[in-house]
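Shown next: my_file-v1.pdb, given as PDB, C-alpha atoms.
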```
ATOM      1  CA  MET O 525       0.000   0.000   0.000
ATOM      2  CA  ILE O 526       1.093   3.540  -0.719
ATOM      3  CA  GLN O 527      -0.049   6.230   1.678
ATOM      4  CA  LEU O 528      -0.384   9.659   0.105
ATOM      5  CA  ILE O 529      -1.823  12.991   1.142
ATOM      6  CA  VAL O 530      -4.100  14.098  -1.678
ATOM      7  CA  ASN O 531      -5.704  17.526  -1.430
ATOM      8  CA  GLY O 532      -4.961  17.600   2.258
ATOM      9  CA  GLU O 533      -6.507  14.224   3.019
ATOM     10  CA  PRO O 534      -4.925  10.798   3.492
ATOM     11  CA  GLN O 535      -5.383   8.496   0.522
ATOM     12  CA  VAL O 536      -4.300   4.861   0.573
ATOM     13  CA  VAL O 537      -3.642   3.366  -2.861
ATOM     14  CA  PRO O 538      -2.671  -0.253  -3.606
ATOM     15  CA  SER O 539       0.915  -0.677  -4.787
ATOM     16  CA  PRO O 540       1.252  -1.302  -8.501
ATOM     17  CA  ASP O 541       1.012  -4.913  -9.599
ATOM     18  CA  SER O 542       4.487  -6.416  -9.127
ATOM     19  CA  GLY O 543       3.831  -8.713 -12.090
ATOM     20  CA  THR O 544       3.945  -5.778 -14.506
ATOM     21  CA  THR O 545       6.679  -3.625 -13.001
ATOM     22  CA  ASN O 546       9.675  -3.842 -10.741
ATOM     23  CA  ASP O 547       9.214  -0.280  -9.566
ATOM     24  CA  PRO O 548       7.308  -0.131  -6.283
ATOM     25  CA  ARG O 549       6.262   3.442  -7.016
ATOM     26  CA  LEU O 550       2.948   4.453  -8.482
ATOM     27  CA  ASN O 551       2.512   6.772 -11.423
ATOM     28  CA  ILE O 552       0.042   9.645 -11.593
ATOM     29  CA  ARG O 553      -2.149   7.914 -14.163
ATOM     30  CA  GLN O 554      -2.638   4.954 -11.804
ATOM     31  CA  LEU O 555      -3.542   7.326  -8.973
ATOM     32  CA  LEU O 556      -6.064   9.187 -11.119
ATOM     33  CA  GLU O 557      -7.660   5.905 -12.184
ATOM     34  CA  HIS O 558      -7.858   4.796  -8.578
ATOM     35  CA  MET O 559      -9.631   8.059  -7.738
ATOM     36  CA  GLY O 560     -11.981   7.931 -10.715
ATOM     37  CA  LEU O 561     -10.424  11.042 -12.255
ATOM     38  CA  GLN O 562      -9.133   9.504 -15.477
ATOM     39  CA  GLY O 563      -9.938  11.579 -18.536
ATOM     40  CA  LYS O 564     -10.744  14.649 -16.416
ATOM     41  CA  ARG O 565      -9.115  17.973 -17.136
ATOM     42  CA  ILE O 566      -6.943  18.347 -14.048
ATOM     43  CA  ALA O 567      -3.496  19.546 -13.044
ATOM     44  CA  VAL O 568      -1.258  17.888 -10.484
ATOM     45  CA  GLU O 569       1.308  19.232  -8.071
ATOM     46  CA  ARG O 570       3.569  16.809  -6.172
ATOM     47  CA  ASN O 571       5.399  18.056  -3.078
ATOM     48  CA  GLY O 572       5.023  21.637  -4.270
ATOM     49  CA  GLU O 573       6.169  21.032  -7.854
ATOM     50  CA  ILE O 574       4.021  20.815 -10.973
ATOM     51  CA  VAL O 575       3.910  17.392 -12.598
ATOM     52  CA  PRO O 576       3.559  17.935 -16.349
ATOM     53  CA  ARG O 577       1.050  15.663 -18.061
ATOM     54  CA  SER O 578       3.916  14.181 -20.066
ATOM     55  CA  GLN O 579       5.218  12.624 -16.835
ATOM     56  CA  PHE O 580       1.976  10.991 -15.730
ATOM     57  CA  ASP O 581       3.266   7.554 -16.786
ATOM     58  CA  GLN O 582       6.512   7.780 -14.847
ATOM     59  CA  PRO O 583       6.529   5.888 -11.556
ATOM     60  CA  MET O 584       7.183   8.610  -8.983
ATOM     61  CA  LEU O 585       4.714   8.348  -6.121
ATOM     62  CA  ALA O 586       5.886   6.939  -2.826
ATOM     63  CA  SER O 587       4.371   6.955   0.634
ATOM     64  CA  GLY O 588       4.425  10.365   2.258
ATOM     65  CA  ASP O 589       4.085  12.325  -0.991
ATOM     66  CA  LYS O 590       1.772  15.312  -0.834
ATOM     67  CA  LEU O 591      -0.335  15.932  -3.914
ATOM     68  CA  GLU O 592      -2.680  18.650  -5.048
ATOM     69  CA  ILE O 593      -5.088  17.814  -7.857
ATOM     70  CA  VAL O 594      -7.013  20.793  -9.174
ATOM     71  CA  VAL O 595      -9.718  21.682 -11.660
ATOM     72  CA  ALA O 596     -11.142  24.928 -13.009
ATOM     73  CA  VAL O 597     -14.350  26.008 -11.273
ATOM     74  CA  GLY O 598     -16.588  29.051 -11.438
ATOM     75  CA  GLY O 599     -15.016  32.136  -9.911
ATOM     76  CA  GLY O 600     -14.736  35.903 -10.192
TER
ATOM     77  CA  MET G 925     -12.822  49.582 -34.619
ATOM     78  CA  ASP G 926     -12.387  50.452 -30.968
ATOM     79  CA  LYS G 927     -10.828  47.317 -29.461
ATOM     80  CA  LEU G 928      -9.478  46.374 -26.092
ATOM     81  CA  VAL G 929      -5.977  44.970 -26.531
ATOM     82  CA  ILE G 930      -4.737  42.617 -23.827
ATOM     83  CA  ALA G 931      -1.392  40.872 -24.233
ATOM     84  CA  GLY G 932      -1.396  41.582 -27.958
ATOM     85  CA  LYS G 933      -4.884  40.212 -28.595
ATOM     86  CA  ALA G 934      -7.751  42.514 -29.595
ATOM     87  CA  TYR G 935     -11.174  42.068 -28.024
ATOM     88  CA  SER G 936     -14.448  43.643 -29.151
ATOM     89  CA  SER G 937     -15.978  43.458 -25.681
ATOM     90  CA  ARG G 938     -14.702  45.598 -22.833
ATOM     91  CA  LEU G 939     -16.730  43.649 -20.308
ATOM     92  CA  LEU G 940     -14.939  40.825 -18.513
ATOM     93  CA  VAL G 941     -17.027  38.525 -16.359
ATOM     94  CA  GLY G 942     -16.559  36.000 -13.616
ATOM     95  CA  THR G 943     -18.187  32.593 -13.580
ATOM     96  CA  GLY G 944     -18.872  32.145  -9.861
ATOM     97  CA  LYS G 945     -22.067  32.194  -7.804
ATOM     98  CA  TYR G 946     -24.411  31.018 -10.562
ATOM     99  CA  ARG G 947     -27.181  28.526  -9.876
ATOM    100  CA  ASP G 948     -25.801  26.011 -12.356
ATOM    101  CA  PHE G 949     -23.592  25.754 -15.426
ATOM    102  CA  ASP G 950     -26.535  26.403 -17.696
ATOM    103  CA  GLU G 951     -27.185  29.783 -16.093
ATOM    104  CA  THR G 952     -23.451  30.536 -16.124
ATOM    105  CA  ARG G 953     -23.224  29.921 -19.844
ATOM    106  CA  THR G 954     -26.409  31.830 -20.692
ATOM    107  CA  ALA G 955     -25.346  34.842 -18.616
ATOM    108  CA  VAL G 956     -21.816  34.857 -20.035
ATOM    109  CA  ASP G 957     -23.202  34.797 -23.548
ATOM    110  CA  ALA G 958     -25.714  37.568 -22.791
ATOM    111  CA  SER G 959     -22.855  39.708 -21.462
ATOM    112  CA  GLY G 960     -20.933  39.353 -24.711
ATOM    113  CA  ALA G 961     -17.755  38.922 -22.667
ATOM    114  CA  GLU G 962     -14.814  37.303 -24.398
ATOM    115  CA  ILE G 963     -12.547  37.144 -21.358
ATOM    116  CA  ILE G 964     -13.909  35.158 -18.427
ATOM    117  CA  THR G 965     -12.363  34.422 -15.072
ATOM    118  CA  VAL G 966     -12.204  30.976 -13.514
ATOM    119  CA  ALA G 967     -10.966  29.772 -10.140
ATOM    120  CA  ILE G 968      -8.590  26.871  -9.532
ATOM    121  CA  ARG G 969      -9.690  24.479  -6.793
ATOM    122  CA  ARG G 970      -8.962  21.040  -5.441
ATOM    123  CA  THR G 971     -10.949  18.281  -7.112
ATOM    124  CA  ASN G 972     -13.865  17.173  -5.063
ATOM    125  CA  LEU G 973     -12.768  13.674  -4.129
ATOM    126  CA  GLY G 974     -16.279  12.324  -3.834
ATOM    127  CA  GLN G 975     -17.327  13.889  -7.137
ATOM    128  CA  ASN G 976     -19.492  12.072  -9.631
ATOM    129  CA  PRO G 977     -17.123  11.373 -12.552
ATOM    130  CA  GLU G 978     -19.970  11.857 -15.028
ATOM    131  CA  GLU G 979     -20.636  15.423 -13.887
ATOM    132  CA  PRO G 980     -19.733  18.021 -16.523
ATOM    133  CA  SER G 981     -16.898  20.392 -15.693
ATOM    134  CA  LEU G 982     -16.813  24.158 -16.143
ATOM    135  CA  LEU G 983     -14.415  23.836 -19.057
ATOM    136  CA  ASP G 984     -16.906  21.602 -20.886
ATOM    137  CA  VAL G 985     -19.481  24.385 -20.596
ATOM    138  CA  LEU G 986     -17.092  27.261 -21.298
ATOM    139  CA  PRO G 987     -14.413  25.755 -23.538
ATOM    140  CA  PRO G 988     -11.078  27.565 -23.845
ATOM    141  CA  SER G 989     -11.500  27.386 -27.619
ATOM    142  CA  GLN G 990     -14.409  29.843 -27.400
ATOM    143  CA  TYR G 991     -13.355  32.162 -24.577
ATOM    144  CA  THR G 992     -10.149  33.625 -23.244
ATOM    145  CA  LEU G 993      -9.979  32.084 -19.794
ATOM    146  CA  LEU G 994      -8.471  34.134 -17.032
ATOM    147  CA  PRO G 995      -7.555  31.869 -14.122
ATOM    148  CA  ASN G 996      -7.514  33.781 -10.862
ATOM    149  CA  THR G 997      -5.969  33.421  -7.425
ATOM    150  CA  ALA G 998      -9.141  34.231  -5.515
ATOM    151  CA  GLY G 999      -8.889  33.060  -1.930
ATOM    152  CA  CYS G1000      -5.084  33.279  -1.839
ATOM    153  CA  TYR G1001      -3.612  35.216   1.082
ATOM    154  CA  THR G1002       0.073  34.463   0.515
ATOM    155  CA  VAL G1003       2.562  34.882  -2.299
ATOM    156  CA  GLU G1004       3.235  31.143  -2.253
ATOM    157  CA  ASP G1005      -0.410  30.115  -2.611
ATOM    158  CA  ALA G1006      -1.014  32.604  -5.413
ATOM    159  CA  VAL G1007       2.064  31.565  -7.387
ATOM    160  CA  ARG G1008       1.397  27.827  -6.932
ATOM    161  CA  THR G1009      -2.222  28.293  -7.987
ATOM    162  CA  LEU G1010      -1.251  29.986 -11.230
ATOM    163  CA  ARG G1011       1.451  27.442 -12.020
ATOM    164  CA  LEU G1012      -1.242  24.785 -11.687
ATOM    165  CA  ALA G1013      -3.543  26.881 -13.871
ATOM    166  CA  ARG G1014      -0.907  27.111 -16.565
ATOM    167  CA  GLU G1015      -0.504  23.333 -16.536
ATOM    168  CA  LEU G1016      -4.265  22.822 -16.490
ATOM    169  CA  LEU G1017      -4.791  25.135 -19.462
ATOM    170  CA  ASP G1018      -1.974  23.785 -21.641
ATOM    171  CA  GLY G1019       0.594  26.510 -21.104
ATOM    172  CA  HIS G1020      -1.839  29.430 -20.925
ATOM    173  CA  THR G1021      -0.009  32.390 -19.351
ATOM    174  CA  LEU G1022      -2.647  35.140 -19.119
ATOM    175  CA  VAL G1023      -3.739  35.289 -15.481
ATOM    176  CA  LYS G1024      -5.513  37.397 -12.917
ATOM    177  CA  LEU G1025      -3.436  37.835  -9.778
ATOM    178  CA  GLU G1026      -5.024  38.784  -6.510
ATOM    179  CA  VAL G1027      -3.439  38.395  -3.101
ATOM    180  CA  LEU G1028      -5.945  39.184  -0.426
ATOM    181  CA  GLY G1029      -5.178  40.752   2.907
ATOM    182  CA  ASP G1030      -8.322  40.248   4.905
ATOM    183  CA  PRO G1031     -11.098  37.629   4.749
ATOM    184  CA  LYS G1032     -13.773  40.059   5.906
ATOM    185  CA  THR G1033     -13.296  42.786   3.319
ATOM    186  CA  LEU G1034     -11.268  40.835   0.709
ATOM    187  CA  TYR G1035      -9.126  43.940   0.458
ATOM    188  CA  PRO G1036      -5.941  43.266  -1.531
ATOM    189  CA  ASN G1037      -2.547  43.027   0.173
ATOM    190  CA  ILE G1038      -0.454  45.216  -2.113
ATOM    191  CA  VAL G1039       2.950  44.320  -0.630
ATOM    192  CA  GLU G1040       2.334  40.616  -1.196
ATOM    193  CA  THR G1041       0.701  41.294  -4.573
ATOM    194  CA  LEU G1042       3.857  43.059  -5.767
ATOM    195  CA  LYS G1043       6.048  40.143  -4.638
ATOM    196  CA  ALA G1044       3.825  37.555  -6.317
ATOM    197  CA  ALA G1045       3.623  39.605  -9.526
ATOM    198  CA  GLU G1046       7.410  39.815  -9.710
ATOM    199  CA  ILE G1047       7.810  36.054  -9.430
ATOM    200  CA  LEU G1048       5.077  35.361 -11.988
ATOM    201  CA  ILE G1049       6.438  37.869 -14.499
ATOM    202  CA  LYS G1050       9.912  36.268 -14.212
ATOM    203  CA  GLU G1051       8.205  32.968 -15.085
ATOM    204  CA  ASP G1052       6.712  34.574 -18.221
ATOM    205  CA  PHE G1053       3.145  34.897 -16.975
ATOM    206  CA  GLN G1054       1.125  37.794 -18.344
ATOM    207  CA  VAL G1055      -0.273  39.281 -15.178
ATOM    208  CA  MET G1056      -3.493  41.241 -14.941
ATOM    209  CA  VAL G1057      -3.470  42.428 -11.377
ATOM    210  CA  TYR G1058      -6.208  43.168  -8.882
ATOM    211  CA  THR G1059      -5.246  46.100  -6.703
ATOM    212  CA  SER G1060      -6.565  48.902  -4.535
ATOM    213  CA  ASP G1061      -7.303  52.312  -6.051
ATOM    214  CA  ASP G1062      -3.953  53.625  -4.803
ATOM    215  CA  PRO G1063      -2.261  55.333  -7.782
ATOM    216  CA  ILE G1064       1.230  54.600  -6.442
ATOM    217  CA  ALA G1065       0.506  50.885  -6.075
ATOM    218  CA  ALA G1066      -0.904  50.926  -9.602
ATOM    219  CA  ARG G1067       2.236  52.618 -10.900
ATOM    220  CA  GLN G1068       4.540  50.157  -9.153
ATOM    221  CA  LEU G1069       2.607  47.162 -10.479
ATOM    222  CA  GLU G1070       2.875  48.579 -13.989
ATOM    223  CA  GLU G1071       6.582  49.290 -13.563
ATOM    224  CA  ILE G1072       7.380  45.688 -12.670
ATOM    225  CA  GLY G1073       5.578  44.508 -15.790
ATOM    226  CA  CYS G1074       1.905  43.806 -15.083
ATOM    227  CA  ILE G1075       0.030  43.975 -18.374
ATOM    228  CA  ALA G1076      -3.233  45.346 -16.956
ATOM    229  CA  ILE G1077      -4.019  47.210 -13.754
ATOM    230  CA  MET G1078      -7.326  46.259 -12.174
ATOM    231  CA  PRO G1079      -8.248  48.572  -9.310
ATOM    232  CA  LEU G1080     -11.307  48.010  -7.187
ATOM    233  CA  ALA G1081     -14.168  50.487  -7.471
ATOM    234  CA  SER G1082     -15.361  49.317  -4.062
ATOM    235  CA  LEU G1083     -14.956  46.080  -2.119
ATOM    236  CA  ILE G1084     -15.404  42.691  -3.817
ATOM    237  CA  GLY G1085     -19.036  41.627  -3.815
ATOM    238  CA  SER G1086     -20.210  44.867  -2.169
ATOM    239  CA  GLY G1087     -22.043  46.335  -5.160
ATOM    240  CA  MET G1088     -21.263  49.784  -3.757
ATOM    241  CA  GLY G1089     -20.253  51.215  -7.131
ATOM    242  CA  ILE G1090     -17.499  53.711  -7.913
ATOM    243  CA  LEU G1091     -16.514  55.168  -4.552
ATOM    244  CA  ASN G1092     -13.441  57.118  -5.578
ATOM    245  CA  PRO G1093     -13.630  58.266  -9.182
ATOM    246  CA  TRP G1094     -10.805  60.726  -8.565
ATOM    247  CA  ASN G1095      -8.263  58.044  -7.693
ATOM    248  CA  LEU G1096      -9.387  55.964 -10.666
ATOM    249  CA  GLN G1097      -8.899  59.004 -12.863
ATOM    250  CA  ILE G1098      -5.347  59.470 -11.619
ATOM    251  CA  ILE G1099      -4.596  55.785 -12.237
ATOM    252  CA  ILE G1100      -6.058  55.987 -15.751
ATOM    253  CA  GLU G1101      -4.167  59.179 -16.539
ATOM    254  CA  ASN G1102      -0.830  57.671 -15.494
ATOM    255  CA  ALA G1103      -1.161  54.141 -16.848
ATOM    256  CA  LYS G1104       0.204  53.039 -20.196
ATOM    257  CA  VAL G1105      -1.381  49.590 -19.844
ATOM    258  CA  PRO G1106      -5.140  48.911 -19.793
ATOM    259  CA  VAL G1107      -6.955  49.886 -16.597
ATOM    260  CA  ILE G1108      -9.885  47.628 -15.818
ATOM    261  CA  VAL G1109     -12.176  48.259 -12.878
ATOM    262  CA  ASP G1110     -12.418  44.992 -10.999
ATOM    263  CA  ALA G1111     -14.844  44.653  -8.113
ATOM    264  CA  GLY G1112     -17.523  46.850  -6.652
ATOM    265  CA  VAL G1113     -19.827  47.384  -9.615
ATOM    266  CA  GLY G1114     -23.437  46.886  -8.502
ATOM    267  CA  THR G1115     -25.601  47.876 -11.427
ATOM    268  CA  ALA G1116     -25.417  49.060 -15.012
ATOM    269  CA  SER G1117     -24.908  52.752 -14.222
ATOM    270  CA  ASP G1118     -21.798  51.886 -12.175
ATOM    271  CA  ALA G1119     -20.289  50.159 -15.184
ATOM    272  CA  ALA G1120     -21.165  53.119 -17.406
ATOM    273  CA  ILE G1121     -19.539  55.538 -14.944
ATOM    274  CA  ALA G1122     -16.353  53.444 -14.870
ATOM    275  CA  MET G1123     -16.179  53.529 -18.654
ATOM    276  CA  GLU G1124     -16.988  57.246 -18.836
ATOM    277  CA  LEU G1125     -14.036  57.878 -16.536
ATOM    278  CA  GLY G1126     -11.861  56.347 -19.247
ATOM    279  CA  CYS G1127     -11.350  52.844 -17.919
ATOM    280  CA  ASP G1128     -10.432  50.388 -20.648
ATOM    281  CA  GLY G1129     -12.799  47.749 -19.325
ATOM    282  CA  VAL G1130     -14.812  46.479 -16.395
ATOM    283  CA  LEU G1131     -14.612  43.075 -14.715
ATOM    284  CA  MET G1132     -17.530  41.880 -12.635
ATOM    285  CA  ASN G1133     -19.116  38.740 -11.252
ATOM    286  CA  THR G1134     -21.516  39.313  -8.358
ATOM    287  CA  ALA G1135     -23.315  42.245 -10.008
ATOM    288  CA  ILE G1136     -24.553  39.814 -12.639
ATOM    289  CA  ALA G1137     -24.723  36.528 -10.722
ATOM    290  CA  ALA G1138     -26.511  38.001  -7.703
ATOM    291  CA  ALA G1139     -29.074  39.997  -9.720
ATOM    292  CA  GLN G1140     -32.667  38.789  -9.507
ATOM    293  CA  ASN G1141     -32.404  38.001 -13.207
ATOM    294  CA  PRO G1142     -28.716  37.377 -13.965
ATOM    295  CA  VAL G1143     -29.140  36.931 -17.715
ATOM    296  CA  LEU G1144     -31.024  40.213 -18.089
ATOM    297  CA  MET G1145     -28.427  41.990 -15.937
ATOM    298  CA  ALA G1146     -25.665  40.526 -18.096
ATOM    299  CA  SER G1147     -27.326  42.109 -21.112
ATOM    300  CA  ALA G1148     -27.717  45.414 -19.252
ATOM    301  CA  MET G1149     -24.018  45.387 -18.342
ATOM    302  CA  LYS G1150     -23.039  44.769 -21.940
ATOM    303  CA  LYS G1151     -24.986  47.864 -23.012
ATOM    304  CA  ALA G1152     -23.746  49.956 -20.093
ATOM    305  CA  VAL G1153     -20.104  49.217 -20.875
ATOM    306  CA  GLU G1154     -20.667  50.023 -24.554
ATOM    307  CA  ALA G1155     -22.605  53.202 -23.734
ATOM    308  CA  GLY G1156     -20.009  54.349 -21.219
ATOM    309  CA  ARG G1157     -17.197  53.733 -23.678
ATOM    310  CA  GLU G1158     -18.948  55.651 -26.453
ATOM    311  CA  ALA G1159     -19.721  58.542 -24.102
ATOM    312  CA  TYR G1160     -16.060  58.642 -23.078
ATOM    313  CA  LEU G1161     -14.920  58.690 -26.699
ATOM    314  CA  ALA G1162     -17.573  61.268 -27.645
ATOM    315  CA  GLY G1163     -16.400  63.612 -24.904
ATOM    316  CA  ARG G1164     -19.069  64.959 -22.610
ATOM    317  CA  MET G1165     -20.255  68.569 -22.562
ATOM    318  CA  PRO G1166     -18.842  70.705 -19.783
ATOM    319  CA  LYS G1167     -20.842  70.912 -16.556
ATOM    320  CA  LYS G1168     -22.267  74.331 -15.700
ATOM    321  CA  LEU G1169     -24.379  75.402 -12.751
ATOM    322  CA  TYR G1170     -26.859  76.934 -15.233
ATOM    323  CA  SER G1171     -26.926  77.960 -18.865
ATOM    324  CA  ALA G1172     -28.300  81.069 -20.537
ATOM    325  CA  SER G1173     -28.309  79.137 -23.802
ATOM    326  CA  PRO G1174     -31.521  77.099 -24.231
ATOM    327  CA  SER G1175     -31.611  74.428 -26.901
ATOM    328  CA  SER G1176     -34.639  75.931 -28.716
ATOM    329  CA  PRO G1177     -34.407  79.208 -30.681
ATOM    330  CA  VAL G1178     -34.814  82.327 -28.583
ATOM    331  CA  GLU G1179     -36.378  84.192 -31.528
ATOM    332  CA  GLY G1180     -39.942  83.715 -32.813
ATOM    333  CA  VAL G1181     -41.740  82.759 -29.629
ATOM    334  CA  ILE G1182     -45.478  83.519 -30.276
ATOM    335  CA  GLY G1183     -47.291  86.350 -28.543
ATOM    336  CA  ASN G1184     -44.127  88.267 -28.172
ATOM    337  CA  MET G1185     -44.677  91.731 -29.805
ATOM    338  CA  SER G1186     -41.064  92.634 -30.349
ATOM    339  CA  GLY G1187     -40.120  89.157 -31.525
ATOM    340  CA  LYS G1188     -37.598  88.963 -28.726
TER
END
```
Full structure transcribed into structure tokens:
Amino acid sequence: MIQLIVNGEPQVVPSPDSGTTNDPRLNIRQLLEHMGLQGKRIAVERNGEIVPRSQFDQPMLASGDKLEIVVAVGGG
Amino acid sequence: MDKLVIAGKAYSSRLLVGTGKYRDFDETRTAVDASGAEIITVAIRRTNLGQNPEEPSLLDVLPPSQYTLLPNTAGCYTVEDAVRTLRLARELLDGHTLVKLEVLGDPKTLYPNIVETLKAAEILIKEDFQVMVYTSDDPIAARQLEEIGCIAIMPLASLIGSGMGILNPWNLQIIIENAKVPVIVDAGVGTASDAAIAMELGCDGVLMNTAIAAAQNPVLMASAMKKAVEAGREAYLAGRMPKKLYSASPSSPVEGVIGNMSGK
């Protein structure tokens, strides 16, 4: 299990399937799928740094990481 | 044609509108379209973790292909939060750099913190953002924000969401007179006449949200605001007649009034 802080709240995500990868870290795409956010227009910040969409397939998430996932909403 | 030019792009509408406080996306879209606005502000917020994935998002209703989106930093009280928010916005909107910066100083009044606003603007400009900046109606703050490279100065007319109208036209006039970048009144407009007054003062545009969204009939108010901004702009360009306490020059001929023996 990987324990993350997503948008200020704890989020426990299963580790990636060891049959398909040797890397114990999760990638952003897997996290978004776990959260039901796949295909949504979102932006992600990990530990204070932007994660460009081009890096969503790179395994990078480990326990303790703090993530912000944002969308555009109505505002003035 | 009389266009508003922001960051090298010409806009026909001088009314910029927010997208908050509407009943639903349908009303948002209808009101935005009735306003004729081409530049619309959006906020950047955490995804609602329990959200229904099928629910439409704001960007489905107001696609960036049809409008110039202006992501804002509403709700940010620190330089760090404002800068992080706009970096996320740039990523969210595929490299879009035109932004509205506001760094607030007080949750009760939502009055801007100019010291922090200046710091945040400097960082953002170094990172190649094009910063339209919310500020007080202090002419010196406006000048400093322009000097560091903000591309539009957006002073309040009165407090955010107050609908109190143009409280200090004299300060706005000084800001307009000094600025070489567009001056857009942001915040405080309550009704159509307020928007017209802002434009008559020589503002380049008006940005509003609550005045439309909190009207009894938001779509009708959006249409009223469109006309008010156009009317105010035309009146400004036309140049108003001078004010006099009274005039000895009536509009109808003095000669030829009936029953007057001498004709005088």
Contact set, chain O to chain G: 10 Å, only C-alpha atoms, as a JSON list (two decimals) with C-alpha atoms, in the coordinates of the input:
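Written output follows (iface_0.json):
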```
[["chain", "number", "residue", "atom", "x", "y", "z"],
["O", 530, "VAL", "CA", -4.10, 14.10, -1.68],
["O", 531, "ASN", "CA", -5.70, 17.53, -1.43],
["O", 532, "GLY", "CA", -4.96, 17.60, 2.26],
["O", 533, "GLU", "CA", -6.51, 14.22, 3.02],
["O", 559, "MET", "CA", -9.63, 8.06, -7.74],
["O", 560, "GLY", "CA", -11.98, 7.93, -10.72],
["O", 561, "LEU", "CA", -10.42, 11.04, -12.26],
["O", 562, "GLN", "CA", -9.13, 9.50, -15.48],
["O", 563, "GLY", "CA", -9.94, 11.58, -18.54],
["O", 564, "LYS", "CA", -10.74, 14.65, -16.42],
["O", 565, "ARG", "CA", -9.12, 17.97, -17.14],
["O", 566, "ILE", "CA", -6.94, 18.35, -14.05],
["O", 567, "ALA", "CA", -3.50, 19.55, -13.04],
["O", 568, "VAL", "CA", -1.26, 17.89, -10.48],
["O", 569, "GLU", "CA", 1.31, 19.23, -8.07],
["O", 572, "GLY", "CA", 5.02, 21.64, -4.27],
["O", 573, "GLU", "CA", 6.17, 21.03, -7.85],
["O", 574, "ILE", "CA", 4.02, 20.82, -10.97],
["O", 575, "VAL", "CA", 3.91, 17.39, -12.60],
["O", 576, "PRO", "CA", 3.56, 17.93, -16.35],
["O", 577, "ARG", "CA", 1.05, 15.66, -18.06],
["O", 592, "GLU", "CA", -2.68, 18.65, -5.05],
["O", 593, "ILE", "CA", -5.09, 17.81, -7.86],
["O", 594, "VAL", "CA", -7.01, 20.79, -9.17],
["O", 595, "VAL", "CA", -9.72, 21.68, -11.66],
["O", 596, "ALA", "CA", -11.14, 24.93, -13.01],
["O", 597, "VAL", "CA", -14.35, 26.01, -11.27],
["O", 598, "GLY", "CA", -16.59, 29.05, -11.44],
["O", 599, "GLY", "CA", -15.02, 32.14, -9.91],
["O", 600, "GLY", "CA", -14.74, 35.90, -10.19]]
```
Inset, instruction - For each of G:Ile1090, G:Ser1060, G:Leu1042, G:Tyr1160, take the minimum atom-to-atom distance to Gly1112 (chain G), counting all atoms listed in the file, then give the residue where this is smallest. - result: G:Ile1090
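With CA of Ala1138 (chain G) on one side and CA of Arg947 (chain G) on the other, the separation reads 9.7 Å.
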Legend entry - Answer key for the PyMOL selection byres ((chain O and resi 587) around 8), residues as a PyMOL selection string: chain O and resi 526-528+585-586+588-589
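With all atoms listed in the file as the atoms that count, the minimum distance from Arg553 (chain O) to the choices O:Pro538, O:Ile529, O:Asp581, O:Lys590 is reached by O:Asp581.
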Using the chain letters and numbers from the file, which residues does the PyMOL selection byres ((chain G and resi 1088) around 7) grab, as a PDB file with C-alpha atoms, keeping the file's coordinate frame?
```pdb
ATOM      1  CA  SER G1082     -15.361  49.317  -4.062  1.00  0.00           C
ATOM      2  CA  SER G1086     -20.210  44.867  -2.169  1.00  0.00           C
ATOM      3  CA  GLY G1087     -22.043  46.335  -5.160  1.00  0.00           C
ATOM      4  CA  GLY G1089     -20.253  51.215  -7.131  1.00  0.00           C
ATOM      5  CA  ILE G1090     -17.499  53.711  -7.913  1.00  0.00           C
ATOM      6  CA  GLY G1112     -17.523  46.850  -6.652  1.00  0.00           C
ATOM      7  CA  VAL G1113     -19.827  47.384  -9.615  1.00  0.00           C
ATOM      8  CA  GLY G1114     -23.437  46.886  -8.502  1.00  0.00           C
TER       9      GLY G1114
END
```
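Note that the spacing between CA of Leu1083 (chain G) and CA of Pro1036 (chain G) amounts to 9.5 Å.
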Inset, instruction - List every protein, DNA or RNA residue with an atom no more than 12 Å from (-14.2, 43.8, -26.9) in the file's coordinates, counting only C-alpha atoms, and format the result as a ChimeraX atom specification. - result: /G:925-930,933-940,959-963,991-992,1128-1130,1150,1153-1154,1157
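From CA of Val1007 (chain G) back to CA of Lys1104 (chain G), the distance works out to 25.1 Å.
Taking all atoms listed in the file into account, Gly1073 (chain G) lies nearest to G:Glu1051 out of the set G:Glu1051, G:His1020, G:Thr1002, G:Ile1108.
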Legend entry - Residue IDs satisfying the PyMOL selection byres ((chain O and resi 550) around 12), as a PyMOL selection string: chain O and resi 525-528+536-542+544-549+551-558+579-587+589
Box along x, y and z, 3 Å on every side, all listed atoms of region 1131-1147 of chain G inside: centre and edge lengths in Å to one decimal, as lines of an AutoDock Vina configuration file.
```
center_x = -23.6
center_y = 39.8
center_z = -14.4
size_x = 24.1
size_y = 12.5
size_z = 19.4
```
